[in-house]
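Asks: Take this structure, written in structure tokens, and hold onto it; I'll ask about it next.
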Amino acid sequence: MHDPATSSFWSMHPRYLVLLAFTSAIVGCARATSGTPGIDKATFDVVIENGRIVDGTGNPWTYGDVGIRGARIVAVTQAGVLHEASAKLRIDAHHHIVAPGFIDLQGQSIAALTWGDGRVVSKVTQGVTTEILGEGTTPGPSNAHVDSLGDVQTMEPPPPPALLQTFQGEHGFGAWLDAMRHHRNSINAGSFLGAQTVRASVMGFKAGAPNAAELDSMRAVVRNAMREGAFGIASALIYPPGSYAGTNELIELAKAMAPFHGEYITHMRSEDDSLFEAMDEAFRIAREGGVRLEIFHLKASNRRNWSKAPEMVAKIDSARASGLDVGATMYPYPFSGNNLGECFPDWAAENGKLMDNLKNPETRSRILNEMADPKGDPLCQIEGPSAYLIADFKRPEYAKYEGKRLSEIAADMKKPWPETVIELITTEGRDLSKINFTMSEDNVKMQIKSPWVVIGTDADGVDPDSTKIVVHPRAYGSYPRILGRYVREQKLFPLEEAIRKMSGGVAQRLGLQDRGLIREGMYADIVVFDDATIIDLATPEKPHQISKGVEEVFVNGVQVLHDGKHTGATPGQVITGPGTVTR
């Protein structure tokens with residue numbers, strides 16, 4: 001068995017020796033566990049004492065103290081050893097859990113962490129200390145083709161145009177990471193390279209396979225981004241133009257990143273009727289591309305597909321047994337979130353003509369027919385309009401529809417629901433967001449217990465005092481929901497396993513050697529919470545509610561949450577993938 005608690009956890013990585021040397025130097029006189037005399041006279045910036053340490057490996061908790069100096073953990077001892085040590089700040093964690101900060105493998109806070117409110121209050125208050133971005137789209141590298149997607153330009157708050165211009169060119173991905181380095185953020189951030197960005201940078205909204213020259217240009221985009229810090233490639237194969245990418249194209253992109261030890265992470269082409277075919281495609285891309293595979297937000301969507309969930313899990317177990325390194329992310333909710341435009345067939349957006357096609361009587365009629373066809377590809381017709389909650393309206397006349405079900409909006413507008421969708425999007429002149437009540441809670445609980453599942457929110461970090469639109473409650477409650485409902489109340493799995501899925505297990509998937517564990521030499525990303533009270537409070541109807549129970553959060557040794565309140569500190573750093581070449 002591979003034991004992540006041993007020193008071999010990251011010993012296969014060449015940078016491990018550098019970290020080991022650093023650790024030996026920095027902790028020197030502070031190794032209480034080896035009985036070094038004088039520990040009670042050592043000086044720390046922070047001491048967290050008397051807590052139950054859950055170290056992120058899955059090992060059982062143990063009482064202990066943690067000493068922080070600068071940005072690093074420099075002492076992890078038995079309880080009481082650091083009681084007499086000098087400390088600028090001392091936290092008594094009696095009756096509390098001390099754990100590694102949670103690493104959100106599917107964060108969506110691009111706007112907040114690049115030009116917006118970098119405090120990401122809803123994330124920090126649930127214990128998140130690091131976000132990994134990039135599902136499908138990234139701000140860089142950018143060009144006229146990528147800009148035409150509008151994915152970044154429509155983010156809230158809107159980006160400064162001058163900033164976006166700096167993301168253009170072959171080193172645009174690195175320029176974007178630099179922008180996050182210079183922005184004041186409370187948490188760490190890193191990113192995959194969006195596969196949709198790769199394709200759009202070369203082909204725009206054009207459908208079809210790339211020619212040899214176009215594919216070669218895509219490979220160059222991948223290689224540059226991997227050198228500049230990408231963790232791999234992230235595809236989102238249900239969103240045009242990402243959905244226009246074929247399997248062979250994605251295999252070639254995977255091959256281009258393989259020498260840089262990147263991972264292929266994917267929102268698969270289907271999570272419903274063609275679920276198994278989509279899984280087979282993802283397996284093939286990873287195998288033939290020679291890379292690790294991660295599946296975003298594992299699910300079997302739409303009631304008629306719920307019975308597929310056990311076989312979905314079995315397929316991943318089987319793939320792993322055959323030698324394929326595959327895992328998955330999940331959030332702990334039986335409802336998902338994406339855009340209202342997903343109710344349209346993919347072809348409607350080809351060549352950037354969506355709005356034109358919606359307004360053209362002939363193509364509009366065809367779109368309406370496909371949207372309502374009960375035997376057609378699953379769009380929104382399978383579950384019906386009552387399964388979708390709509391949000392993010394900008395026009396004043398639509399404010400009354402914020403957070404309402406599509407069925408309610410259609411009834412008020414006195415239109416069939418497909419026509420209502422088109423009316424809303426054409427009048428707004430932009431896409432809207434929706435929450436999809438199409439999943440099974442029983443399946444969520446069954447799937448999340450799999451040892452190869454780690455946690456990602458698939459959400460932005462927002463501020464409840466300033467955000468007015470309805471958001472998915474996962475933005476506020478993903479981690480406390482697991483710890484409160486799934487661990488404490490329902491006892492689905494032990495606390496230590498939950499923490500591993502949120503910290504050390506994620507770090508292992510990303511190849512991070514200095515975060516994700518409570519260990520001497522690691523960066524001091526730490527969360528202190530009350531396991532007797534931690535719980536999520538956000539709901540789809542009232543999402544802007546801070547979770548309960550997370551009390552202290554440190555990022556790189558700096559306190560960003562104290563007594564459950566954000567301190568305003570912004571010590572976040574940019575983290576990069578294993579193939580990074582220093583520029």
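Each chain of the structure tokens is named A, B, ... in the order shown, its residues numbered from 1; ligands are numbered from 1 in display order.
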Could you give me, as a PyMOL selection string, the residues within 8 Å of range 490-498 of chain A, counting only C-alpha atoms and dropping anything in the same chain fewer than 2 positions from it?
Replies: chain A and resi 54+56-61+445+449+482-483+485-488+500-502
Asks: How about saving the chosen residues, all heavy atoms kept, as a compact mmCIF listing (two decimals), in the first residue's frame?
Replies:
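Once everything was written out, this is part.txt:
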```txt
# COMPACT_ATOMS: atom_id res chain seq x y z
N VAL A 54 -5.38 16.86 12.79
CA VAL A 54 -5.70 15.93 11.70
C VAL A 54 -4.79 16.37 10.55
O VAL A 54 -5.01 17.41 9.95
CB VAL A 54 -7.18 16.00 11.31
CG1 VAL A 54 -7.47 15.04 10.17
CG2 VAL A 54 -8.07 15.70 12.50
N GLY A 56 -3.92 15.55 7.45
CA GLY A 56 -4.16 15.56 6.01
C GLY A 56 -3.78 14.29 5.29
O GLY A 56 -4.04 14.16 4.10
N THR A 57 -3.16 13.35 6.00
CA THR A 57 -2.77 12.08 5.37
C THR A 57 -3.85 11.02 5.45
O THR A 57 -3.78 10.01 4.75
CB THR A 57 -1.52 11.50 6.05
OG1 THR A 57 -1.86 11.14 7.41
CG2 THR A 57 -0.37 12.50 6.06
N GLY A 58 -4.82 11.21 6.33
CA GLY A 58 -5.80 10.17 6.64
C GLY A 58 -5.48 9.46 7.93
O GLY A 58 -6.28 8.63 8.40
N ASN A 59 -4.32 9.75 8.52
CA ASN A 59 -3.96 9.14 9.80
C ASN A 59 -4.89 9.62 10.92
O ASN A 59 -5.44 10.72 10.84
CB ASN A 59 -2.52 9.50 10.18
CG ASN A 59 -1.50 8.71 9.39
OD1 ASN A 59 -1.83 7.67 8.82
ND2 ASN A 59 -0.27 9.20 9.34
N PRO A 60 -5.06 8.83 11.98
CA PRO A 60 -5.91 9.24 13.09
C PRO A 60 -5.41 10.54 13.73
O PRO A 60 -4.21 10.82 13.75
CB PRO A 60 -5.81 8.07 14.07
CG PRO A 60 -5.39 6.90 13.24
CD PRO A 60 -4.52 7.47 12.16
N TRP A 61 -6.34 11.32 14.27
CA TRP A 61 -5.97 12.57 14.92
C TRP A 61 -5.10 12.29 16.15
O TRP A 61 -5.14 11.20 16.72
CB TRP A 61 -7.21 13.37 15.32
CG TRP A 61 -8.09 12.72 16.37
CD1 TRP A 61 -9.18 11.95 16.16
CD2 TRP A 61 -7.91 12.78 17.79
NE1 TRP A 61 -9.72 11.52 17.36
CE2 TRP A 61 -8.97 12.02 18.37
CE3 TRP A 61 -6.99 13.39 18.64
CZ2 TRP A 61 -9.11 11.87 19.76
CZ3 TRP A 61 -7.12 13.24 20.01
CH2 TRP A 61 -8.16 12.49 20.57
N LYS A 445 -23.91 10.67 -1.87
CA LYS A 445 -23.32 10.08 -0.68
C LYS A 445 -22.58 8.78 -0.99
O LYS A 445 -21.54 8.50 -0.38
CB LYS A 445 -24.42 9.84 0.36
CG LYS A 445 -24.99 11.13 0.94
CD LYS A 445 -25.89 10.89 2.13
CE LYS A 445 -27.19 10.22 1.76
NZ LYS A 445 -28.12 10.15 2.90
N LYS A 449 -17.81 8.68 -1.01
CA LYS A 449 -17.04 7.80 -0.13
C LYS A 449 -15.86 7.14 -0.84
O LYS A 449 -14.95 6.62 -0.18
CB LYS A 449 -17.95 6.73 0.46
CG LYS A 449 -18.97 7.25 1.44
CD LYS A 449 -19.71 6.13 2.17
CE LYS A 449 -20.62 5.33 1.24
NZ LYS A 449 -21.43 4.34 1.98
N ILE A 482 -19.80 18.81 4.32
CA ILE A 482 -19.21 17.48 4.45
C ILE A 482 -18.88 17.18 5.91
O ILE A 482 -19.21 16.11 6.44
CB ILE A 482 -17.96 17.36 3.57
CG1 ILE A 482 -18.34 17.38 2.08
CG2 ILE A 482 -17.18 16.07 3.90
CD1 ILE A 482 -17.17 17.45 1.14
N LEU A 483 -18.22 18.13 6.56
CA LEU A 483 -17.77 17.89 7.93
C LEU A 483 -18.92 17.82 8.93
O LEU A 483 -18.86 17.06 9.90
CB LEU A 483 -16.79 19.00 8.34
CG LEU A 483 -15.48 19.02 7.54
CD1 LEU A 483 -14.72 20.30 7.81
CD2 LEU A 483 -14.63 17.80 7.86
N ARG A 485 -22.57 17.47 8.05
CA ARG A 485 -23.67 16.56 7.71
C ARG A 485 -23.16 15.15 7.41
O ARG A 485 -23.70 14.16 7.90
CB ARG A 485 -24.45 17.11 6.52
CG ARG A 485 -25.07 18.47 6.81
CD ARG A 485 -25.99 18.95 5.71
NE ARG A 485 -26.35 20.34 5.91
CZ ARG A 485 -27.31 20.76 6.74
NH1 ARG A 485 -28.00 19.87 7.44
NH2 ARG A 485 -27.58 22.05 6.87
N TYR A 486 -22.13 15.04 6.57
CA TYR A 486 -21.70 13.72 6.13
C TYR A 486 -20.81 13.01 7.15
O TYR A 486 -20.86 11.79 7.27
CB TYR A 486 -20.96 13.83 4.80
CG TYR A 486 -21.86 14.14 3.62
CD1 TYR A 486 -21.33 14.29 2.34
CD2 TYR A 486 -23.24 14.29 3.76
CE1 TYR A 486 -22.14 14.57 1.24
CE2 TYR A 486 -24.05 14.57 2.69
CZ TYR A 486 -23.50 14.71 1.43
OH TYR A 486 -24.30 15.00 0.36
N VAL A 487 -20.00 13.79 7.89
CA VAL A 487 -19.10 13.17 8.87
C VAL A 487 -19.77 13.07 10.23
O VAL A 487 -19.93 11.98 10.79
CB VAL A 487 -17.77 13.95 8.96
CG1 VAL A 487 -16.92 13.43 10.13
CG2 VAL A 487 -17.00 13.82 7.65
N ARG A 488 -20.17 14.20 10.81
CA ARG A 488 -20.69 14.18 12.18
C ARG A 488 -22.08 13.56 12.26
O ARG A 488 -22.33 12.68 13.11
CB ARG A 488 -20.73 15.60 12.74
CG ARG A 488 -21.18 15.63 14.21
CD ARG A 488 -21.24 17.04 14.80
NE ARG A 488 -22.25 17.88 14.16
CZ ARG A 488 -21.98 18.97 13.44
NH1 ARG A 488 -20.71 19.34 13.25
NH2 ARG A 488 -22.94 19.67 12.89
N ARG A 500 -8.48 14.47 4.51
CA ARG A 500 -7.57 14.05 3.43
C ARG A 500 -8.15 14.42 2.07
O ARG A 500 -7.41 14.88 1.18
CB ARG A 500 -7.34 12.53 3.51
CG ARG A 500 -6.32 12.03 2.47
CD ARG A 500 -6.34 10.51 2.36
NE ARG A 500 -7.60 10.01 1.81
CZ ARG A 500 -7.89 9.99 0.51
NH1 ARG A 500 -7.04 10.48 -0.38
NH2 ARG A 500 -9.05 9.50 0.10
N LYS A 501 -9.44 14.23 1.87
CA LYS A 501 -10.08 14.55 0.60
C LYS A 501 -10.04 16.05 0.30
O LYS A 501 -10.21 16.47 -0.85
CB LYS A 501 -11.54 14.09 0.61
CG LYS A 501 -11.74 12.57 0.55
CD LYS A 501 -13.21 12.22 0.72
CE LYS A 501 -13.45 10.73 0.55
NZ LYS A 501 -13.31 10.30 -0.84
N MET A 502 -9.85 16.86 1.33
CA MET A 502 -9.88 18.30 1.18
C MET A 502 -8.49 18.93 1.14
O MET A 502 -8.36 20.10 0.79
CB MET A 502 -10.65 18.93 2.36
CG MET A 502 -12.07 18.44 2.50
SD MET A 502 -12.78 19.05 4.05
CE MET A 502 -14.42 18.33 3.98
```
Asks: Please list as a ChimeraX atom specification every residue within 9 Å of Ile422 in chain A, counting only C-alpha atoms and excluding residues in the same chain fewer than 6 positions away.
Replies: /A:341,344,358-359,364,368
Asks: Can those selected residues be exported to a file as a compact mmCIF listing (two decimals), in the first residue's frame so that it contains N, CA and C atoms?
Replies:
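Wrote result_11.txt, looks like this:
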```
# COMPACT_ATOMS: atom_id res chain seq x y z
N GLY A 341 -27.87 28.94 -21.17
CA GLY A 341 -27.61 28.63 -22.57
C GLY A 341 -27.36 27.17 -22.86
N PHE A 344 -29.67 25.15 -25.10
CA PHE A 344 -29.61 25.20 -26.56
C PHE A 344 -28.72 24.09 -27.10
N LEU A 358 -30.71 32.86 -32.77
CA LEU A 358 -31.90 32.97 -31.93
C LEU A 358 -32.90 33.97 -32.50
N LYS A 359 -32.41 34.95 -33.24
CA LYS A 359 -33.29 35.99 -33.79
C LYS A 359 -33.78 35.66 -35.19
N ARG A 364 -34.32 29.83 -35.33
CA ARG A 364 -35.01 29.87 -34.03
C ARG A 364 -36.02 28.73 -33.93
N LEU A 368 -35.95 25.77 -31.16
CA LEU A 368 -37.09 25.49 -30.29
C LEU A 368 -37.53 24.04 -30.37
```
Asks: Can you pull out the residues contacting range 387-394 of chain A? Cut-off 6 Å, using only C-alpha atoms, and skip same-chain residues under 4 positions away; I want them as number ranges by chain.
Replies: A: 402-406, 432-437, 469-470
Asks: Residues at most 12 Å from Pro160 in chain A, counting only C-alpha atoms, excluding those fewer than 5 positions away in the same chain, as a PyMOL selection string?
Replies: chain A and resi 111+114-116+152-155+165-167+179
Asks: Next, dump the selected residues to file, keeping only C-alpha atoms, as a short mmCIF file (atom, residue, chain, number, x, y, z; two decimals), in the first residue's frame.
Replies:
```
data_model
loop_
_atom_site.label_atom_id
_atom_site.label_comp_id
_atom_site.auth_asym_id
_atom_site.auth_seq_id
_atom_site.Cartn_x
_atom_site.Cartn_y
_atom_site.Cartn_z
CA ALA A 111 -12.48 37.57 -11.45
CA THR A 114 -7.34 38.74 -10.69
CA TRP A 115 -9.10 42.12 -10.49
CA GLY A 116 -11.96 41.88 -7.96
CA VAL A 152 -13.92 36.67 -19.27
CA GLN A 153 -15.44 39.98 -20.36
CA THR A 154 -18.82 39.07 -18.86
CA MET A 155 -17.44 38.15 -15.44
CA GLN A 165 -4.56 43.29 -23.04
CA THR A 166 -1.58 42.19 -20.98
CA PHE A 167 -2.76 38.57 -21.29
CA ALA A 179 -1.50 39.60 -12.48
#
```
Asks: Find the spatial neighbours of Gly568 in chain A, counting only C-alpha atoms, within a cut-off of 10 Å - ignore same-chain residues fewer than 6 positions away - and output them as a ChimeraX atom specification.
Replies: /A:118-119,121,184-186,559-561
Asks: Quick one: everything within 12 Å of Ala258 in chain A, counting only C-alpha atoms, minus sequence neighbours fewer than 2 positions away in the same chain. Send it as an MDAnalysis selection string.
Replies: chainID A and resid 219 222:223 226:227 231:233 251:256 260:264 285:293 578:579
Asks: For the selection you just gave me, I'd like the residues written to a file as a compact mmCIF listing (two decimals), in the first residue's frame, keeping N, CA, C and O atoms.
Replies:
```
# COMPACT_ATOMS: atom_id res chain seq x y z
N ARG A 219 -0.54 22.94 -29.85
CA ARG A 219 0.52 22.31 -29.05
C ARG A 219 1.46 23.37 -28.48
O ARG A 219 1.90 23.28 -27.32
N VAL A 222 -0.06 25.03 -25.48
CA VAL A 222 0.02 24.14 -24.32
C VAL A 222 1.42 24.16 -23.72
O VAL A 222 1.59 24.31 -22.50
N ARG A 223 2.44 23.99 -24.55
CA ARG A 223 3.81 23.95 -24.03
C ARG A 223 4.18 25.24 -23.32
O ARG A 223 4.80 25.21 -22.24
N MET A 226 2.38 25.37 -19.90
CA MET A 226 2.95 24.42 -18.94
C MET A 226 4.26 24.96 -18.38
O MET A 226 4.52 24.84 -17.17
N ARG A 227 5.08 25.53 -19.21
CA ARG A 227 6.34 26.12 -18.73
C ARG A 227 6.08 27.29 -17.79
O ARG A 227 6.87 27.55 -16.88
N PHE A 231 -1.04 23.57 -14.29
CA PHE A 231 -1.02 22.23 -13.71
C PHE A 231 -1.41 21.16 -14.72
O PHE A 231 -1.31 19.98 -14.43
N GLY A 232 -1.86 21.58 -15.88
CA GLY A 232 -2.29 20.64 -16.90
C GLY A 232 -3.33 21.31 -17.77
O GLY A 232 -3.39 22.54 -17.86
N ILE A 233 -4.17 20.50 -18.39
CA ILE A 233 -5.23 21.00 -19.27
C ILE A 233 -6.57 20.64 -18.68
O ILE A 233 -6.80 19.50 -18.25
N ILE A 251 -6.28 14.26 -27.30
CA ILE A 251 -5.14 13.36 -27.08
C ILE A 251 -3.84 14.05 -27.44
O ILE A 251 -2.83 13.96 -26.72
N GLU A 252 -3.84 14.78 -28.56
CA GLU A 252 -2.62 15.48 -28.98
C GLU A 252 -2.24 16.57 -27.98
O GLU A 252 -1.05 16.79 -27.71
N LEU A 253 -3.23 17.27 -27.43
CA LEU A 253 -2.92 18.29 -26.42
C LEU A 253 -2.37 17.63 -25.16
O LEU A 253 -1.45 18.16 -24.52
N ALA A 254 -2.92 16.47 -24.79
CA ALA A 254 -2.40 15.74 -23.63
C ALA A 254 -0.96 15.31 -23.85
O ALA A 254 -0.12 15.41 -22.95
N LYS A 255 -0.66 14.85 -25.05
CA LYS A 255 0.72 14.46 -25.36
C LYS A 255 1.67 15.66 -25.23
O LYS A 255 2.81 15.52 -24.78
N ALA A 256 1.18 16.84 -25.62
CA ALA A 256 2.03 18.02 -25.55
C ALA A 256 2.35 18.42 -24.11
O ALA A 256 3.43 18.96 -23.83
N PHE A 260 5.69 17.70 -19.21
CA PHE A 260 5.71 18.65 -18.12
C PHE A 260 4.96 18.12 -16.89
O PHE A 260 4.69 18.87 -15.96
N HIS A 261 4.59 16.83 -16.93
CA HIS A 261 3.95 16.15 -15.80
C HIS A 261 2.58 16.74 -15.48
O HIS A 261 2.15 16.75 -14.32
N GLY A 262 1.88 17.20 -16.52
CA GLY A 262 0.57 17.77 -16.32
C GLY A 262 -0.52 16.72 -16.21
O GLY A 262 -0.32 15.54 -16.53
N GLU A 263 -1.68 17.15 -15.76
CA GLU A 263 -2.83 16.28 -15.59
C GLU A 263 -3.96 16.74 -16.50
O GLU A 263 -4.15 17.95 -16.71
N TYR A 264 -4.71 15.80 -17.05
CA TYR A 264 -5.90 16.12 -17.83
C TYR A 264 -7.09 16.05 -16.89
O TYR A 264 -7.38 15.00 -16.31
N ILE A 285 -8.26 9.44 -23.68
CA ILE A 285 -7.41 10.63 -23.77
C ILE A 285 -6.24 10.52 -22.81
O ILE A 285 -5.09 10.81 -23.17
N ALA A 286 -6.52 10.08 -21.58
CA ALA A 286 -5.45 9.96 -20.60
C ALA A 286 -4.46 8.86 -20.97
O ALA A 286 -3.24 9.05 -20.89
N ARG A 287 -4.98 7.70 -21.40
CA ARG A 287 -4.08 6.58 -21.73
C ARG A 287 -3.19 6.92 -22.91
O ARG A 287 -1.96 6.76 -22.85
N GLU A 288 -3.80 7.37 -23.99
CA GLU A 288 -3.02 7.63 -25.20
C GLU A 288 -2.20 8.91 -25.08
O GLU A 288 -1.17 9.05 -25.74
N GLY A 289 -2.65 9.81 -24.23
CA GLY A 289 -1.88 11.03 -24.00
C GLY A 289 -0.77 10.86 -23.00
O GLY A 289 0.12 11.70 -22.90
N GLY A 290 -0.81 9.77 -22.23
CA GLY A 290 0.25 9.48 -21.26
C GLY A 290 0.20 10.38 -20.04
O GLY A 290 1.25 10.77 -19.52
N VAL A 291 -1.02 10.70 -19.55
CA VAL A 291 -1.16 11.62 -18.43
C VAL A 291 -2.14 11.07 -17.40
O VAL A 291 -2.89 10.13 -17.66
N ARG A 292 -2.14 11.68 -16.22
CA ARG A 292 -3.13 11.38 -15.19
C ARG A 292 -4.47 11.99 -15.60
O ARG A 292 -4.53 12.95 -16.35
N LEU A 293 -5.54 11.45 -15.02
CA LEU A 293 -6.88 11.92 -15.35
C LEU A 293 -7.65 12.26 -14.08
O LEU A 293 -7.59 11.53 -13.09
N PRO A 578 4.16 21.23 -11.71
CA PRO A 578 5.49 20.60 -11.62
C PRO A 578 6.37 20.83 -12.84
O PRO A 578 7.57 20.59 -12.76
N GLY A 579 5.80 21.28 -13.96
CA GLY A 579 6.61 21.51 -15.15
C GLY A 579 7.06 22.94 -15.33
O GLY A 579 7.63 23.30 -16.37
```
Asks: Using only C-alpha atoms, can you tell me which of A:Glu214, A:Leu177, A:His95, A:Thr197 comes closest to Thr138 in chain A?
Replies: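 Looking at the shortest contact to Thr138 in chain A, the residue is A:Thr197.
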Asks: Go through A:Ala569, A:Val558, A:Val313, A:Met439 and flag the residue nearest Leu89 in chain A, using only C-alpha atoms for the distances.
Replies: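 Ranked by minimum distance to Leu89 in chain A, first place goes to A:Val558.
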Asks: Taking into account only C-alpha atoms, which residue in the set A:Thr567, A:Thr247, A:Thr329, A:Ser301 is nearest to Glu441 in chain A?
Replies: A:Ser301
